[in-house]
Amino acid sequence: MKKIVLREDEMPTRWYNVVPDIPNGLQPPLDPETLQPIGPEKLGAVFPMSLLEQEMTQEQWIDIPQEVMDVYKIWRPAPLVRANKLEEALGTKAKIYFKYEGCSPVGSHKPNSAVPQAYYNKQAGIKRLTTETGAGQWGSALSLATSKFGLECMVYMVRVSFDQKPYRKSIIQTFGGNVVASPSELTETGRRIRAEFPDTPGALGIAISEALEDANSREDTNYALGSVLNHVVLHQSIIGLEAKKQMEIIGDYPDVIVGCCGGGSNFAGLLAPFVADYRNGKKIEFVGYEPASCPTMTGGRLAYDAGDVAMMTPLLYMYTLGHDFVPPGIHAGGLRYHGMAPIVSALVRDGIVTPKSVHQMECFEAGVLFAKTEGIIPAPETTHAIRGAIIEAMKDPNEPKTILFNFSGHGLIDMASYDNYFSGKLSDYSYPKDQIEASLARLPKVG
Ligand SMILES: *Cc1c(COP(=O)(O)O)cnc(C)c1O
């Protein structure tokens with residue numbers, strides 16, 4: 001069978017919370033001023049209570065509201081596809097499956113969380129949401145989601161992507177959202193960084209500070225984050241829940257689960273419902289692939305750090321390269337983040353997730369092979385998962401193992417990146433060792 005499509009009435013109606021399955025649990029987020037665990041009152045300034053409850057909960061299952069299901073059904077359930085043509089081209093006995101998240105209206109997994117976030121903010125009486133976006137995927141997802149619930153949307157888009165991916169701007173605008181290049185002139189953080197580093201390509205950590213500053217300055221405005229946080233991972237569990245059901249229908253089960261990691265949400269969403277099986281003795285490997293030029297898990301440190309450059313977010317216990325690390329301007333803009341979801345970080349710490357890194361050029365090569373064999377052009381971020389799946393399949397090509405990876409998004413709006421690749425303008429960035437050491441030296445001193 002080439003692909004397995006669920007019926008609408010087979011769609012999961014609850015999200016799955018992986019937090020109770022983490023052997024040594026999560027460390028609480030800290031208030032950046034007092035360094036004490038932060039309470040919901042303070043976070044309530046920018047998040048609705050319903051999302052904060054999801055952020056802290058130990059419940060394993062959370063009902064998906066009907067209004068959210070109605071929007072999900074525009075594109076969900078998403079297919080699970082056997083990449084048999086890729087397998088043939090590689091000459092491997094491994095079976096490779098991918099969960100196809102490119103079928104959402106904006107072409108990635110991001111609306112899985114944007115839609116519930118807009119919904120819960122609407123319920124709480126909020127009129128306007130601010131956010132950051134790297135490659136523009138999250139910004140376009142939130143613009144779509146806010147349009148569904150009648151909210152305004154303000155997006156701070158990392159400058160390098162604003163210039164490289166002009167059509168994501170247009171998608172944000174099509175759904176009615178506003179978008180500016182970050183660092184911008186609209187916030188104090190933006191103005192300060194522009195004065196100090198006029199040529200900065202920007203970074204997600206800068207754009208988050210700008211979006212938070214904006215949200216803090218207005219009563220009617222909240223802030224939405226597209227990755228990293230527990231409630232985002234919770235919403236993304238729909239990916240894994242569907243995939244697990246689909247694997248059951250075809251009578252197969254993954255030996256290896258692979259994903260690309262920016263803030264960790266799509267990978268964690270896929271693996272979430274499989275961790276309990278692992279802990280019950282199933283043999284299953286979880287491998288997260290990140291860019292060698294922004295090696296959060298493979299080159300960073302597990303420590304308390306801020307999620308943004310201005311240190312306005314709570315301190316999260318996560319793998320980090322330091323909150324003021326500005327990654328090289330690789331084309332996988334969605335993977336240019338200094339931190340990693342606390343959930344993924346804890347799974348790495350507890351030896352359940354294995355992190356690996358790959359370079360930009362080998363990823364584009366894998367992406368082109370995938371397009372030629374499977375017929376779908378992957379986003380530059382997704383090529384990291386494809387490269388990862390190929391590495392796993394080719395370790396021992398005679399081993400008939402089952403690999404499942406998340407196809408986080410298509411690349412039809414990223415063709416400028418492919419253009420650069422084909423015209424020889426791309427290269428690998430070396431591991432930015434000195435810069436990482438310098439920014440790790442500036443980690444907040446906790447405990
Ligand atoms: C945003 C994005 C990513 C990375 O974000 P995660 O939170 O790590 O999932 C990966 N792929 C695509 C297509 C994206 O848009």
# chains A, B, ... in the order shown; residues from 1 in each chain; ligands from 1
$ closest_atom_pairs --of "chain A" --to "ligand 1" --cutoff "6 Å" --atoms "only C-alpha atoms and all ligand atoms" --output "tab-separated table"
residue	atom	partner	partner_atom_place_in_ligand_line	distance
A:Ser108	CA	ligand 1	13 (C)	5.0
A:Gln137	CA	ligand 1	15 (O)	4.6
A:Ser227	CA	ligand 1	7 (O)	4.3
A:Cys261	CA	ligand 1	8 (O)	3.9
A:Gly262	CA	ligand 1	8 (O)	3.4
A:Gly263	CA	ligand 1	8 (O)	4.0
A:Gly264	CA	ligand 1	8 (O)	3.5
A:Ser265	CA	ligand 1	7 (O)	3.6
A:Asn266	CA	ligand 1	9 (O)	3.6
A:Phe267	CA	ligand 1	9 (O)	6.0
A:Gly334	CA	ligand 1	1 (C)	4.3
A:Leu335	CA	ligand 1	4 (C)	5.2
A:Ala379	CA	ligand 1	13 (C)	5.5
A:Glu381	CA	ligand 1	11 (N)	4.6
A:Thr382	CA	ligand 1	11 (N)	5.2
A:Ser408	CA	ligand 1	13 (C)	4.4
A:Gly409	CA	ligand 1	13 (C)	3.8
$ write_last_selection --atoms "N, CA, C and O atoms" --output "short mmCIF file (atom, residue, chain, number, x, y, z; two decimals), in the first residue's frame"
data_model
loop_
_atom_site.label_atom_id
_atom_site.label_comp_id
_atom_site.auth_asym_id
_atom_site.auth_seq_id
_atom_site.Cartn_x
_atom_site.Cartn_y
_atom_site.Cartn_z
N SER A 108 2.65 23.19 6.36
CA SER A 108 3.46 22.58 7.41
C SER A 108 2.60 22.13 8.58
O SER A 108 1.38 22.35 8.59
N GLN A 137 6.79 30.09 8.48
CA GLN A 137 5.79 29.01 8.59
C GLN A 137 4.84 29.26 9.77
O GLN A 137 3.63 29.13 9.63
N SER A 227 6.59 26.92 19.02
CA SER A 227 7.32 25.68 19.29
C SER A 227 7.73 25.68 20.76
O SER A 227 7.26 26.51 21.54
N CYS A 261 14.67 18.90 14.06
CA CYS A 261 14.44 19.64 15.30
C CYS A 261 14.86 21.10 15.19
O CYS A 261 16.03 21.40 14.96
N GLY A 262 13.88 21.99 15.34
CA GLY A 262 14.16 23.42 15.46
C GLY A 262 13.97 23.75 16.93
O GLY A 262 14.92 23.86 17.70
N GLY A 263 12.69 23.89 17.33
CA GLY A 263 12.37 24.00 18.75
C GLY A 263 11.89 22.66 19.29
O GLY A 263 11.63 22.52 20.47
N GLY A 264 11.71 21.69 18.39
CA GLY A 264 11.40 20.33 18.81
C GLY A 264 9.95 19.91 18.70
O GLY A 264 9.61 18.78 19.04
N SER A 265 9.04 20.79 18.21
CA SER A 265 7.62 20.47 18.34
C SER A 265 7.12 19.41 17.37
O SER A 265 6.31 18.56 17.75
N ASN A 266 7.59 19.41 16.13
CA ASN A 266 7.04 18.41 15.20
C ASN A 266 7.57 17.02 15.53
O ASN A 266 6.86 16.02 15.48
N PHE A 267 8.85 16.96 15.92
CA PHE A 267 9.46 15.67 16.30
C PHE A 267 8.78 15.12 17.56
O PHE A 267 8.38 13.96 17.62
N GLY A 334 13.50 27.69 9.99
CA GLY A 334 12.73 27.15 11.10
C GLY A 334 13.57 26.34 12.08
O GLY A 334 13.09 25.95 13.13
N LEU A 335 14.82 26.06 11.71
CA LEU A 335 15.69 25.30 12.61
C LEU A 335 16.74 26.19 13.26
O LEU A 335 17.61 25.72 13.98
N ALA A 379 10.37 21.15 2.43
CA ALA A 379 10.93 22.38 2.98
C ALA A 379 12.37 22.12 3.42
O ALA A 379 12.72 20.99 3.76
N GLU A 381 13.78 22.68 6.13
CA GLU A 381 13.79 22.08 7.47
C GLU A 381 13.58 20.57 7.36
O GLU A 381 14.28 19.77 7.97
N THR A 382 12.57 20.21 6.57
CA THR A 382 12.19 18.81 6.42
C THR A 382 13.31 17.97 5.81
O THR A 382 13.43 16.77 6.09
N SER A 408 7.64 17.41 7.84
CA SER A 408 7.05 18.56 8.54
C SER A 408 6.45 19.60 7.60
O SER A 408 5.54 20.33 8.01
N GLY A 409 6.95 19.70 6.36
CA GLY A 409 6.34 20.68 5.46
C GLY A 409 6.89 20.61 4.05
O GLY A 409 8.01 20.14 3.82
#
$ select_by_dssp --residues "stretch 62-220 of chain A" --states "helix (DSSP H, G or I)" --output "PyMOL selection string"
chain A and resi 66-72+84-90+111-123+137-149+159-164+166-174+188-196+204-216
$ residues_around --residues "stretch 385-399 of chain A" --least-positions-apart "5" --cutoff "10 Å" --atoms "only C-alpha atoms" --output "ChimeraX atom specification"
/A:86-87,90-98,256-261,267,287-290,356-360,362-367,369-370,378,380,404-408
$ atom_distance --atom1 "atom CA of A:Lys73" --atom2 "atom CA of A:Val115"
11.4 Å
$ select_by_dssp --residues "stretch 247-349 of chain A" --states "strand (DSSP E)" --output "ChimeraX atom specification"
/A:256-260,285-291,301-306,315-320
$ residues_around --residues "A:Pro37" --least-positions-apart "4" --cutoff "9 Å" --atoms "only C-alpha atoms" --output "JSON, numbers by chain"
{"A": [28, 29, 30, 31, 314]}
$ closest_residue --among "A:Tyr156, A:Pro295, A:Ala141, A:Leu440" --to "A:Thr174" --atoms "only C-alpha atoms"
A:Ala141
$ residues_around --residues "A:Pro23" --least-positions-apart "4" --cutoff "12 Å" --atoms "only C-alpha atoms" --output "compact mmCIF listing (two decimals) with C-alpha atoms, in the first residue's frame"
# COMPACT_ATOMS: atom_id res chain seq x y z
CA VAL A 18 3.91 12.87 26.92
CA VAL A 19 5.09 14.67 30.10
CA VAL A 275 7.26 6.79 24.41
CA ALA A 276 4.92 4.82 26.68
CA TYR A 278 9.20 2.23 24.74
CA ARG A 279 8.95 2.35 28.50
CA ASN A 280 6.87 -0.83 28.43
CA ILE A 343 10.25 17.91 26.75
CA ALA A 346 14.45 15.85 29.08
CA LEU A 347 14.04 12.87 26.73
CA VAL A 348 17.63 13.40 25.55
CA ARG A 349 18.85 13.66 29.14
CA ASP A 350 17.01 10.44 30.05
CA GLY A 351 18.59 8.58 27.13
CA ILE A 352 15.36 8.06 25.15
$ closest_residue --among "A:Ile250, A:Val309, A:Ile238, A:Val46" --to "A:Lys2" --atoms "only C-alpha atoms"
A:Ile250
$ residues_around --residues "A:Ala195" --least-positions-apart "5" --cutoff "12 Å" --atoms "only C-alpha atoms" --output "list in words"
Pro183, Ser184, Glu185, Glu188, Thr189, Gly190 and Thr200 of chain A
$ residues_around --residues "A:Gln60" --least-positions-apart "5" --cutoff "9 Å" --atoms "only C-alpha atoms" --output "mmCIF file with N, CA, C and O atoms, in the first residue's frame"
data_model
loop_
_atom_site.group_PDB
_atom_site.id
_atom_site.type_symbol
_atom_site.label_atom_id
_atom_site.label_comp_id
_atom_site.auth_asym_id
_atom_site.auth_seq_id
_atom_site.Cartn_x
_atom_site.Cartn_y
_atom_site.Cartn_z
ATOM 1 N N TRP A 15 -5.806 15.126 22.549
ATOM 2 C CA TRP A 15 -4.345 15.204 22.417
ATOM 3 C C TRP A 15 -3.722 14.331 23.481
ATOM 4 O O TRP A 15 -4.323 14.079 24.538
ATOM 5 N N TYR A 16 -2.472 13.924 23.247
ATOM 6 C CA TYR A 16 -1.750 13.075 24.195
ATOM 7 C C TYR A 16 -0.598 13.857 24.816
ATOM 8 O O TYR A 16 0.231 14.424 24.107
ATOM 9 N N ASN A 17 -0.558 13.876 26.130
ATOM 10 C CA ASN A 17 0.497 14.587 26.861
ATOM 11 C C ASN A 17 1.603 13.610 27.247
ATOM 12 O O ASN A 17 1.382 12.699 28.046
ATOM 13 N N VAL A 18 2.798 13.805 26.696
ATOM 14 C CA VAL A 18 3.907 12.866 26.922
ATOM 15 C C VAL A 18 4.621 13.129 28.255
ATOM 16 O O VAL A 18 5.414 12.308 28.712
ATOM 17 N N VAL A 19 4.333 14.272 28.893
ATOM 18 C CA VAL A 19 5.089 14.666 30.098
ATOM 19 C C VAL A 19 5.108 13.564 31.182
ATOM 20 O O VAL A 19 6.168 13.264 31.727
ATOM 21 N N PRO A 20 3.929 12.928 31.494
ATOM 22 C CA PRO A 20 3.975 11.888 32.534
ATOM 23 C C PRO A 20 4.850 10.687 32.165
ATOM 24 O O PRO A 20 5.208 9.898 33.050
ATOM 25 N N ASP A 21 5.211 10.538 30.892
ATOM 26 C CA ASP A 21 6.036 9.399 30.464
ATOM 27 C C ASP A 21 7.538 9.687 30.562
ATOM 28 O O ASP A 21 8.354 8.814 30.264
#
$ closest_residue --among "A:Ile172, A:Leu35, A:Ile403, A:Val368" --to "A:Leu144" --atoms "only C-alpha atoms"
A:Ile172
$ atom_distance --atom1 "atom CA of A:Ser182" --atom2 "atom CA of A:Asp428"
24.7 Å
$ decode --residues "stretch 360-424 of chain A" --atoms "C-alpha atoms" --output "tab-separated table (two decimals), in the first residue's frame"
chain	number	residue	atom	x	y	z
A	360	GLN	CA	22.93	21.94	4.89
A	361	MET	CA	24.38	20.57	1.61
A	362	GLU	CA	23.78	16.87	2.36
A	363	CYS	CA	20.23	17.84	3.36
A	364	PHE	CA	19.47	19.62	0.08
A	365	GLU	CA	20.91	16.62	-1.77
A	366	ALA	CA	18.56	14.34	0.19
A	367	GLY	CA	15.67	16.72	-0.49
A	368	VAL	CA	16.26	16.61	-4.24
A	369	LEU	CA	16.47	12.80	-4.21
A	370	PHE	CA	13.20	12.68	-2.26
A	371	ALA	CA	11.50	15.03	-4.73
A	372	LYS	CA	12.65	12.95	-7.70
A	373	THR	CA	11.58	9.65	-6.16
A	374	GLU	CA	8.49	10.50	-4.08
A	375	GLY	CA	7.35	13.52	-6.07
A	376	ILE	CA	7.08	15.97	-3.18
A	377	ILE	CA	9.48	18.89	-2.70
A	378	PRO	CA	10.37	19.19	0.99
A	379	ALA	CA	10.93	22.38	2.98
A	380	PRO	CA	14.62	22.96	3.84
A	381	GLU	CA	13.79	22.08	7.47
A	382	THR	CA	12.19	18.81	6.42
A	383	THR	CA	15.26	17.82	4.35
A	384	HIS	CA	17.03	17.35	7.70
A	385	ALA	CA	14.53	14.62	8.62
A	386	ILE	CA	14.84	13.06	5.17
A	387	ARG	CA	18.63	13.05	5.40
A	388	GLY	CA	18.21	11.51	8.85
A	389	ALA	CA	15.88	8.78	7.57
A	390	ILE	CA	18.36	7.99	4.79
A	391	ILE	CA	21.23	7.75	7.29
A	392	GLU	CA	19.17	5.35	9.42
A	393	ALA	CA	18.16	3.29	6.37
A	394	MET	CA	21.73	3.02	5.08
A	395	LYS	CA	23.47	2.07	8.33
A	396	ASP	CA	22.94	-1.51	7.30
A	397	PRO	CA	20.99	-1.55	4.02
A	398	ASN	CA	20.34	-5.30	4.44
A	399	GLU	CA	18.51	-4.88	7.72
A	400	PRO	CA	14.74	-4.90	7.10
A	401	LYS	CA	13.85	-2.34	9.74
A	402	THR	CA	10.92	0.08	9.76
A	403	ILE	CA	11.65	3.81	9.80
A	404	LEU	CA	9.01	6.47	10.40
A	405	PHE	CA	9.82	10.13	9.90
A	406	ASN	CA	7.81	13.31	10.05
A	407	PHE	CA	7.51	15.21	6.79
A	408	SER	CA	7.05	18.56	8.54
A	409	GLY	CA	6.34	20.68	5.46
A	410	HIS	CA	6.58	21.09	1.70
A	411	GLY	CA	9.06	23.45	0.07
A	412	LEU	CA	7.00	25.07	-2.67
A	413	ILE	CA	7.49	28.49	-1.10
A	414	ASP	CA	11.18	27.82	-0.48
A	415	MET	CA	12.25	27.53	-4.11
A	416	ALA	CA	14.63	30.50	-3.77
A	417	SER	CA	16.64	28.25	-1.44
A	418	TYR	CA	16.67	25.45	-4.01
A	419	ASP	CA	17.64	28.02	-6.63
A	420	ASN	CA	20.68	28.97	-4.56
A	421	TYR	CA	21.52	25.31	-4.11
A	422	PHE	CA	21.35	24.59	-7.86
A	423	SER	CA	23.38	27.65	-8.79
A	424	GLY	CA	26.18	26.68	-6.41
